[in-house]
Amino acid sequence: MIICPAQPFDIFQIMNIERQSFIPAIQEKKRVFEKRLKVYPQGFLALADCSDEIVLKNKVALVCGYLCAEKWDSLPDFEELRSLSGVEMSEKEQKSALKRIEKRFALGHNPLLTHKTNGCYLYVSSFALLKEYRGKGLGEKFFKNSLAALCAANPEIKKVVLLVDSEWQTALKIYEKLGFQKVFELKEFFPTIQKKVNANGIIMTADADSFRSVEFSDNGNELSGIRI
């Protein structure tokens with residue numbers, strides 16, 4: 001398995017992963033991925049299965065996972081957001097503050113408006129694996145090594161940020177294991193299939209330095225190809 005920069009010709013395979021991983025209501029559109037790749041290509045990584053068996057079968061390596069990110073120059077004031085239920089803010093102010101945070105983390109948001117070249121916060125906008133590659137510890141290795149490489153290549157990054165569905169318990173456990181901590185919860189943010197009420201969105205952050213300490217097993221932290 002090799003982690004390498006995603007290329008425009010990988011989008012077809014990436015869309016297949018997207019359809020396998022998420023319900024239709026939260027699947028990103030092809031144009032969103034194309035825009036992310038164009039805006040911040042260094043932050044769009046693919047996990048490629050280049051084993052002899054796969055290459056002989058498909059005549060090419062198989063993209064079995066992807067991680068895309070963008071850099072932000074600021075984060076919402078989570079302390080302010082946590083006080084939404086207090087008397088300090090009027091109802092109008094509460095709604096306005098929530099609207100700003102929801103817009104920032106909205107699915108399919110335009111990275112042209114949020115990505116900042118010199119931003120010090122790395123936001124992981126999406127991460128997924130093909131079904132047949134899950135349940136083997138591969139997802140955690142891919143996620144950890146991808147962030148390690150991105151943080152090492154961008155010394156200005158202070159924090160890594162992500163948003164996860166509260167129902168995705170397996171993902172939550174992986175993130176917590178890797179040092180992510182919950183900083184805020186968006187009520188009824190994610191659509192669901194079986195429930196009438198949407199699932200909450202949990203915003204989590206981790207120190208970038210914790211990923212810079214990751215040791216690579218093979219060829220350092222070069223984004224041209226990391227073996228896992």
# chains A, B, ... in the order shown; residues from 1 in each chain; ligands from 1

$ select_by_dssp --residues "segment 70-153 of chain A" --states "strand (DSSP E)" --output "MDAnalysis selection string"
chainID A and resid 70:72 121:129

$ write_last_selection --atoms "N, CA, C and O atoms" --output "PDB file, in the first residue's frame"
ATOM      1  N   GLU A  70      -7.880  20.862   3.768  1.00  0.00           N
ATOM      2  CA  GLU A  70      -7.616  22.245   3.388  1.00  0.00           C
ATOM      3  C   GLU A  70      -7.057  22.964   4.608  1.00  0.00           C
ATOM      4  O   GLU A  70      -7.175  22.471   5.734  1.00  0.00           O
ATOM      5  N   LYS A  71      -6.450  24.117   4.382  1.00  0.00           N
ATOM      6  CA  LYS A  71      -5.872  24.875   5.495  1.00  0.00           C
ATOM      7  C   LYS A  71      -6.725  26.114   5.776  1.00  0.00           C
ATOM      8  O   LYS A  71      -7.092  26.847   4.851  1.00  0.00           O
ATOM      9  N   TRP A  72      -7.011  26.312   7.046  1.00  0.00           N
ATOM     10  CA  TRP A  72      -7.772  27.480   7.488  1.00  0.00           C
ATOM     11  C   TRP A  72      -6.872  28.415   8.265  1.00  0.00           C
ATOM     12  O   TRP A  72      -5.915  27.962   8.925  1.00  0.00           O
ATOM     13  N   TYR A 121      -4.342  25.870  10.486  1.00  0.00           N
ATOM     14  CA  TYR A 121      -5.256  24.810  10.917  1.00  0.00           C
ATOM     15  C   TYR A 121      -5.551  23.901   9.731  1.00  0.00           C
ATOM     16  O   TYR A 121      -6.005  24.371   8.686  1.00  0.00           O
ATOM     17  N   LEU A 122      -5.277  22.621   9.874  1.00  0.00           N
ATOM     18  CA  LEU A 122      -5.532  21.666   8.799  1.00  0.00           C
ATOM     19  C   LEU A 122      -6.893  21.028   9.032  1.00  0.00           C
ATOM     20  O   LEU A 122      -7.094  20.304  10.012  1.00  0.00           O
ATOM     21  N   TYR A 123      -7.838  21.293   8.145  1.00  0.00           N
ATOM     22  CA  TYR A 123      -9.176  20.727   8.260  1.00  0.00           C
ATOM     23  C   TYR A 123      -9.305  19.517   7.343  1.00  0.00           C
ATOM     24  O   TYR A 123      -9.143  19.626   6.126  1.00  0.00           O
ATOM     25  N   VAL A 124      -9.564  18.363   7.922  1.00  0.00           N
ATOM     26  CA  VAL A 124      -9.774  17.138   7.135  1.00  0.00           C
ATOM     27  C   VAL A 124     -11.232  17.134   6.675  1.00  0.00           C
ATOM     28  O   VAL A 124     -12.137  16.870   7.459  1.00  0.00           O
ATOM     29  N   SER A 125     -11.431  17.435   5.410  1.00  0.00           N
ATOM     30  CA  SER A 125     -12.799  17.572   4.909  1.00  0.00           C
ATOM     31  C   SER A 125     -13.453  16.242   4.586  1.00  0.00           C
ATOM     32  O   SER A 125     -14.680  16.118   4.645  1.00  0.00           O
ATOM     33  N   SER A 126     -12.660  15.214   4.271  1.00  0.00           N
ATOM     34  CA  SER A 126     -13.252  13.896   3.994  1.00  0.00           C
ATOM     35  C   SER A 126     -12.169  12.819   4.017  1.00  0.00           C
ATOM     36  O   SER A 126     -11.011  13.072   3.695  1.00  0.00           O
ATOM     37  N   PHE A 127     -12.607  11.615   4.389  1.00  0.00           N
ATOM     38  CA  PHE A 127     -11.690  10.485   4.510  1.00  0.00           C
ATOM     39  C   PHE A 127     -12.517   9.213   4.402  1.00  0.00           C
ATOM     40  O   PHE A 127     -13.550   9.074   5.049  1.00  0.00           O
ATOM     41  N   ALA A 128     -12.091   8.257   3.549  1.00  0.00           N
ATOM     42  CA  ALA A 128     -12.874   7.027   3.371  1.00  0.00           C
ATOM     43  C   ALA A 128     -12.034   5.934   2.719  1.00  0.00           C
ATOM     44  O   ALA A 128     -11.019   6.208   2.068  1.00  0.00           O
ATOM     45  N   LEU A 129     -12.491   4.682   2.907  1.00  0.00           N
ATOM     46  CA  LEU A 129     -11.869   3.510   2.306  1.00  0.00           C
ATOM     47  C   LEU A 129     -12.928   2.670   1.602  1.00  0.00           C
ATOM     48  O   LEU A 129     -14.105   2.685   1.980  1.00  0.00           O
TER      49      LEU A 129
END

$ residues_around --residues "segment 193-197 of chain A" --least-positions-apart "6" --cutoff "10 Å" --atoms "only C-alpha atoms" --output "VMD selection string"
chain A and resid 23 to 25 187

$ write_last_selection --atoms "C-alpha atoms" --output "PDB file, in the first residue's frame"
ATOM      1  CA  ILE A  23     -25.465   7.591   2.325  1.00  0.00           C
ATOM      2  CA  PRO A  24     -26.673   9.628  -0.696  1.00  0.00           C
ATOM      3  CA  ALA A  25     -27.712  12.593   1.465  1.00  0.00           C
ATOM      4  CA  LYS A 187     -26.971  19.403  16.910  1.00  0.00           C
TER       5      LYS A 187
END

$ residues_around --residues "segment 141-153 of chain A" --least-positions-apart "2" --cutoff "10 Å" --atoms "only C-alpha atoms" --output "ChimeraX atom specification"
/A:1-4,42-47,65-69,120-122,124,127-129,136-139,155-160,174-175,178,207-216,220-223,226-228

$ closest_residue --among "A:Leu62, A:Leu186, A:Leu130, A:Ile54" --to "Leu98 of chain A" --atoms "only C-alpha atoms"
A:Leu186

$ select_by_dssp --residues "segment 137-191 of chain A" --states "helix (DSSP H, G or I)" --output "tab-separated table (two decimals) with N, CA and C atoms, in the first residue's frame"
chain	number	residue	atom	x	y	z
A	138	LEU	N	-6.21	-0.80	8.50
A	138	LEU	CA	-5.60	-0.02	7.42
A	138	LEU	C	-6.04	1.44	7.45
A	139	GLY	N	-7.31	1.65	7.81
A	139	GLY	CA	-7.83	3.01	7.85
A	139	GLY	C	-7.08	3.88	8.83
A	140	GLU	N	-6.82	3.34	10.01
A	140	GLU	CA	-6.09	4.10	11.03
A	140	GLU	C	-4.67	4.42	10.57
A	141	LYS	N	-3.99	3.45	9.95
A	141	LYS	CA	-2.63	3.68	9.46
A	141	LYS	C	-2.62	4.74	8.36
A	142	PHE	N	-3.57	4.64	7.45
A	142	PHE	CA	-3.66	5.60	6.35
A	142	PHE	C	-3.91	7.01	6.89
A	143	PHE	N	-4.87	7.12	7.81
A	143	PHE	CA	-5.22	8.41	8.38
A	143	PHE	C	-4.04	9.02	9.13
A	144	LYS	N	-3.43	8.23	10.01
A	144	LYS	CA	-2.32	8.72	10.83
A	144	LYS	C	-1.13	9.12	9.98
A	145	ASN	N	-0.74	8.28	9.02
A	145	ASN	CA	0.43	8.58	8.20
A	145	ASN	C	0.19	9.74	7.25
A	146	SER	N	-1.04	9.88	6.77
A	146	SER	CA	-1.37	11.02	5.91
A	146	SER	C	-1.23	12.32	6.68
A	147	LEU	N	-1.78	12.36	7.89
A	147	LEU	CA	-1.67	13.58	8.69
A	147	LEU	C	-0.23	13.84	9.10
A	148	ALA	N	0.51	12.78	9.37
A	148	ALA	CA	1.92	12.94	9.73
A	148	ALA	C	2.69	13.59	8.58
A	149	ALA	N	2.45	13.13	7.37
A	149	ALA	CA	3.13	13.68	6.20
A	149	ALA	C	2.73	15.13	5.95
A	150	LEU	N	1.43	15.42	6.05
A	150	LEU	CA	0.95	16.78	5.80
A	150	LEU	C	1.46	17.75	6.85
A	151	CYS	N	1.47	17.33	8.11
A	151	CYS	CA	1.96	18.20	9.18
A	151	CYS	C	3.46	18.42	9.08
A	152	ALA	N	4.19	17.38	8.69
A	152	ALA	CA	5.63	17.50	8.53
A	152	ALA	C	5.99	18.43	7.37
A	153	ALA	N	5.19	18.37	6.31
A	153	ALA	CA	5.45	19.20	5.13
A	153	ALA	C	4.98	20.64	5.32
A	169	GLN	N	-19.28	5.36	15.52
A	169	GLN	CA	-18.54	5.03	16.72
A	169	GLN	C	-17.14	4.48	16.44
A	170	THR	N	-17.00	3.70	15.38
A	170	THR	CA	-15.68	3.16	15.03
A	170	THR	C	-14.71	4.28	14.69
A	171	ALA	N	-15.17	5.24	13.90
A	171	ALA	CA	-14.33	6.38	13.52
A	171	ALA	C	-13.99	7.21	14.76
A	172	LEU	N	-14.97	7.42	15.63
A	172	LEU	CA	-14.73	8.20	16.84
A	172	LEU	C	-13.63	7.57	17.70
A	173	LYS	N	-13.66	6.26	17.82
A	173	LYS	CA	-12.65	5.56	18.63
A	173	LYS	C	-11.26	5.72	18.04
A	174	ILE	N	-11.17	5.68	16.70
A	174	ILE	CA	-9.88	5.86	16.04
A	174	ILE	C	-9.36	7.27	16.30
A	175	TYR	N	-10.22	8.26	16.13
A	175	TYR	CA	-9.79	9.65	16.32
A	175	TYR	C	-9.35	9.90	17.76
A	176	GLU	N	-10.11	9.37	18.71
A	176	GLU	CA	-9.75	9.55	20.12
A	176	GLU	C	-8.42	8.87	20.43
A	177	LYS	N	-8.21	7.70	19.85
A	177	LYS	CA	-6.95	6.98	20.04
A	177	LYS	C	-5.77	7.78	19.53

$ closest_residue --among "A:Gln27, A:Gln7, A:Gln94, A:Ser51" --to "Pro191 of chain A" --atoms "only C-alpha atoms"
A:Gln27

$ closest_residue --among "A:Leu163, A:Val183, A:Val60, A:Ile14" --to "Asn200 of chain A" --atoms "only C-alpha atoms"
A:Leu163

$ closest_residue --among "A:Lys57, A:His115, A:Lys103, A:Lys29" --to "Phe189 of chain A" --atoms "only C-alpha atoms"
A:Lys103

$ closest_residue --among "A:Tyr40, A:Phe180, A:Phe190, A:Tyr133" --to "Leu162 of chain A" --atoms "only C-alpha atoms"
A:Phe180

$ closest_residue --among "A:Thr205, A:Gln13, A:Ser21, A:Ser74" --to "Gly119 of chain A" --atoms "only C-alpha atoms"
A:Ser74

$ decode --residues "segment 184-220 of chain A" --atoms "N, CA, C and O atoms" --output "mmCIF file, in the first residue's frame"
data_model
loop_
_atom_site.group_PDB
_atom_site.id
_atom_site.type_symbol
_atom_site.label_atom_id
_atom_site.label_comp_id
_atom_site.auth_asym_id
_atom_site.auth_seq_id
_atom_site.Cartn_x
_atom_site.Cartn_y
_atom_site.Cartn_z
ATOM 1 N N PHE A 184 -16.676 20.794 20.228
ATOM 2 C CA PHE A 184 -18.036 21.321 20.075
ATOM 3 C C PHE A 184 -18.898 20.295 19.352
ATOM 4 O O PHE A 184 -18.382 19.426 18.656
ATOM 5 N N GLU A 185 -20.214 20.410 19.544
ATOM 6 C CA GLU A 185 -21.145 19.488 18.912
ATOM 7 C C GLU A 185 -22.254 20.267 18.204
ATOM 8 O O GLU A 185 -22.912 21.112 18.813
ATOM 9 N N LEU A 186 -22.420 19.994 16.925
ATOM 10 C CA LEU A 186 -23.477 20.612 16.133
ATOM 11 C C LEU A 186 -24.709 19.712 16.164
ATOM 12 O O LEU A 186 -24.673 18.591 15.676
ATOM 13 N N LYS A 187 -25.776 20.203 16.733
ATOM 14 C CA LYS A 187 -26.971 19.403 16.910
ATOM 15 C C LYS A 187 -27.653 19.101 15.572
ATOM 16 O O LYS A 187 -27.843 19.990 14.744
ATOM 17 N N GLU A 188 -27.998 17.827 15.372
ATOM 18 C CA GLU A 188 -28.776 17.369 14.204
ATOM 19 C C GLU A 188 -28.169 17.868 12.891
ATOM 20 O O GLU A 188 -28.861 18.365 12.013
ATOM 21 N N PHE A 189 -26.877 17.674 12.752
ATOM 22 C CA PHE A 189 -26.151 18.191 11.581
ATOM 23 C C PHE A 189 -26.176 17.226 10.398
ATOM 24 O O PHE A 189 -26.280 17.643 9.248
ATOM 25 N N PHE A 190 -26.069 15.908 10.672
ATOM 26 C CA PHE A 190 -25.951 14.918 9.608
ATOM 27 C C PHE A 190 -27.278 14.188 9.355
ATOM 28 O O PHE A 190 -27.872 13.630 10.282
ATOM 29 N N PRO A 191 -27.721 14.128 8.099
ATOM 30 C CA PRO A 191 -28.914 13.331 7.760
ATOM 31 C C PRO A 191 -28.660 11.848 8.016
ATOM 32 O O PRO A 191 -27.519 11.383 7.930
ATOM 33 N N THR A 192 -29.707 11.123 8.357
ATOM 34 C CA THR A 192 -29.612 9.678 8.559
ATOM 35 C C THR A 192 -30.704 8.986 7.759
ATOM 36 O O THR A 192 -31.661 9.608 7.320
ATOM 37 N N ILE A 193 -30.559 7.666 7.592
ATOM 38 C CA ILE A 193 -31.549 6.891 6.837
ATOM 39 C C ILE A 193 -32.657 6.381 7.742
ATOM 40 O O ILE A 193 -33.842 6.517 7.449
ATOM 41 N N GLN A 194 -32.299 5.796 8.863
ATOM 42 C CA GLN A 194 -33.261 5.086 9.698
ATOM 43 C C GLN A 194 -33.972 5.961 10.713
ATOM 44 O O GLN A 194 -35.043 5.615 11.196
ATOM 45 N N LYS A 195 -33.388 7.089 11.056
ATOM 46 C CA LYS A 195 -33.986 7.936 12.073
ATOM 47 C C LYS A 195 -34.582 9.203 11.478
ATOM 48 O O LYS A 195 -34.088 9.747 10.499
ATOM 49 N N LYS A 196 -35.654 9.673 12.107
ATOM 50 C CA LYS A 196 -36.282 10.905 11.656
ATOM 51 C C LYS A 196 -35.465 12.120 12.072
ATOM 52 O O LYS A 196 -35.500 13.163 11.419
ATOM 53 N N VAL A 197 -34.742 11.994 13.175
ATOM 54 C CA VAL A 197 -33.918 13.091 13.671
ATOM 55 C C VAL A 197 -32.485 12.915 13.178
ATOM 56 O O VAL A 197 -31.926 11.826 13.242
ATOM 57 N N ASN A 198 -31.886 13.988 12.682
ATOM 58 C CA ASN A 198 -30.513 13.925 12.194
ATOM 59 C C ASN A 198 -29.529 13.627 13.326
ATOM 60 O O ASN A 198 -29.804 13.885 14.502
ATOM 61 N N ALA A 199 -28.362 13.100 12.946
ATOM 62 C CA ALA A 199 -27.302 12.829 13.919
ATOM 63 C C ALA A 199 -26.498 14.097 14.175
ATOM 64 O O ALA A 199 -26.408 14.987 13.314
ATOM 65 N N ASN A 200 -25.908 14.188 15.349
ATOM 66 C CA ASN A 200 -25.082 15.346 15.685
ATOM 67 C C ASN A 200 -23.737 15.269 14.972
ATOM 68 O O ASN A 200 -23.253 14.186 14.640
ATOM 69 N N GLY A 201 -23.142 16.421 14.755
ATOM 70 C CA GLY A 201 -21.801 16.495 14.195
ATOM 71 C C GLY A 201 -20.829 16.876 15.289
ATOM 72 O O GLY A 201 -21.027 17.890 15.968
ATOM 73 N N ILE A 202 -19.804 16.082 15.498
ATOM 74 C CA ILE A 202 -18.837 16.324 16.557
ATOM 75 C C ILE A 202 -17.558 16.922 15.966
ATOM 76 O O ILE A 202 -16.911 16.304 15.122
ATOM 77 N N ILE A 203 -17.221 18.126 16.403
ATOM 78 C CA ILE A 203 -15.995 18.787 15.963
ATOM 79 C C ILE A 203 -14.879 18.396 16.919
ATOM 80 O O ILE A 203 -15.019 18.504 18.135
ATOM 81 N N MET A 204 -13.769 17.925 16.359
ATOM 82 C CA MET A 204 -12.644 17.465 17.162
ATOM 83 C C MET A 204 -11.347 18.111 16.676
ATOM 84 O O MET A 204 -11.211 18.422 15.481
ATOM 85 N N THR A 205 -10.409 18.298 17.584
ATOM 86 C CA THR A 205 -9.101 18.846 17.215
ATOM 87 C C THR A 205 -7.983 18.041 17.876
ATOM 88 O O THR A 205 -8.191 17.388 18.903
ATOM 89 N N ALA A 206 -6.807 18.099 17.270
ATOM 90 C CA ALA A 206 -5.611 17.446 17.821
ATOM 91 C C ALA A 206 -4.404 18.319 17.500
ATOM 92 O O ALA A 206 -4.402 19.059 16.507
ATOM 93 N N ASP A 207 -3.383 18.248 18.343
ATOM 94 C CA ASP A 207 -2.163 19.013 18.106
ATOM 95 C C ASP A 207 -1.402 18.427 16.917
ATOM 96 O O ASP A 207 -1.188 17.211 16.845
ATOM 97 N N ALA A 208 -0.973 19.282 16.022
ATOM 98 C CA ALA A 208 -0.232 18.824 14.847
ATOM 99 C C ALA A 208 1.087 18.170 15.225
ATOM 100 O O ALA A 208 1.539 17.228 14.566
ATOM 101 N N ASP A 209 1.702 18.642 16.297
ATOM 102 C CA ASP A 209 2.994 18.085 16.702
ATOM 103 C C ASP A 209 2.908 16.600 17.046
ATOM 104 O O ASP A 209 3.897 15.864 16.913
ATOM 105 N N SER A 210 1.743 16.151 17.499
ATOM 106 C CA SER A 210 1.598 14.734 17.840
ATOM 107 C C SER A 210 1.713 13.854 16.604
ATOM 108 O O SER A 210 2.093 12.681 16.699
ATOM 109 N N PHE A 211 1.421 14.404 15.439
ATOM 110 C CA PHE A 211 1.562 13.641 14.198
ATOM 111 C C PHE A 211 2.966 13.785 13.618
ATOM 112 O O PHE A 211 3.445 12.889 12.917
ATOM 113 N N ARG A 212 3.615 14.874 13.918
ATOM 114 C CA ARG A 212 4.983 15.054 13.431
ATOM 115 C C ARG A 212 5.939 14.070 14.080
ATOM 116 O O ARG A 212 7.029 13.816 13.566
ATOM 117 N N SER A 213 5.541 13.523 15.210
ATOM 118 C CA SER A 213 6.397 12.561 15.906
ATOM 119 C C SER A 213 6.267 11.145 15.358
ATOM 120 O O SER A 213 6.990 10.237 15.768
ATOM 121 N N VAL A 214 5.347 10.944 14.412
ATOM 122 C CA VAL A 214 5.150 9.615 13.827
ATOM 123 C C VAL A 214 6.365 9.222 13.006
ATOM 124 O O VAL A 214 6.864 10.006 12.186
ATOM 125 N N GLU A 215 6.847 8.017 13.214
ATOM 126 C CA GLU A 215 7.987 7.514 12.457
ATOM 127 C C GLU A 215 7.497 6.671 11.286
ATOM 128 O O GLU A 215 6.678 5.783 11.453
ATOM 129 N N PHE A 216 8.014 6.970 10.115
ATOM 130 C CA PHE A 216 7.622 6.232 8.921
ATOM 131 C C PHE A 216 8.466 4.973 8.800
ATOM 132 O O PHE A 216 9.672 4.983 9.058
ATOM 133 N N SER A 217 7.811 3.908 8.382
ATOM 134 C CA SER A 217 8.485 2.611 8.344
ATOM 135 C C SER A 217 9.423 2.455 7.159
ATOM 136 O O SER A 217 10.295 1.615 7.163
ATOM 137 N N ASP A 218 9.239 3.302 6.137
ATOM 138 C CA ASP A 218 9.973 3.031 4.910
ATOM 139 C C ASP A 218 10.773 4.217 4.406
ATOM 140 O O ASP A 218 11.976 4.298 4.599
ATOM 141 N N ASN A 219 10.098 5.170 3.812
ATOM 142 C CA ASN A 219 10.828 6.198 3.079
ATOM 143 C C ASN A 219 10.564 7.604 3.603
ATOM 144 O O ASN A 219 10.350 8.533 2.840
ATOM 145 N N GLY A 220 10.565 7.764 4.920
ATOM 146 C CA GLY A 220 10.446 9.105 5.485
ATOM 147 C C GLY A 220 9.075 9.701 5.268
ATOM 148 O O GLY A 220 8.086 9.014 5.160
#
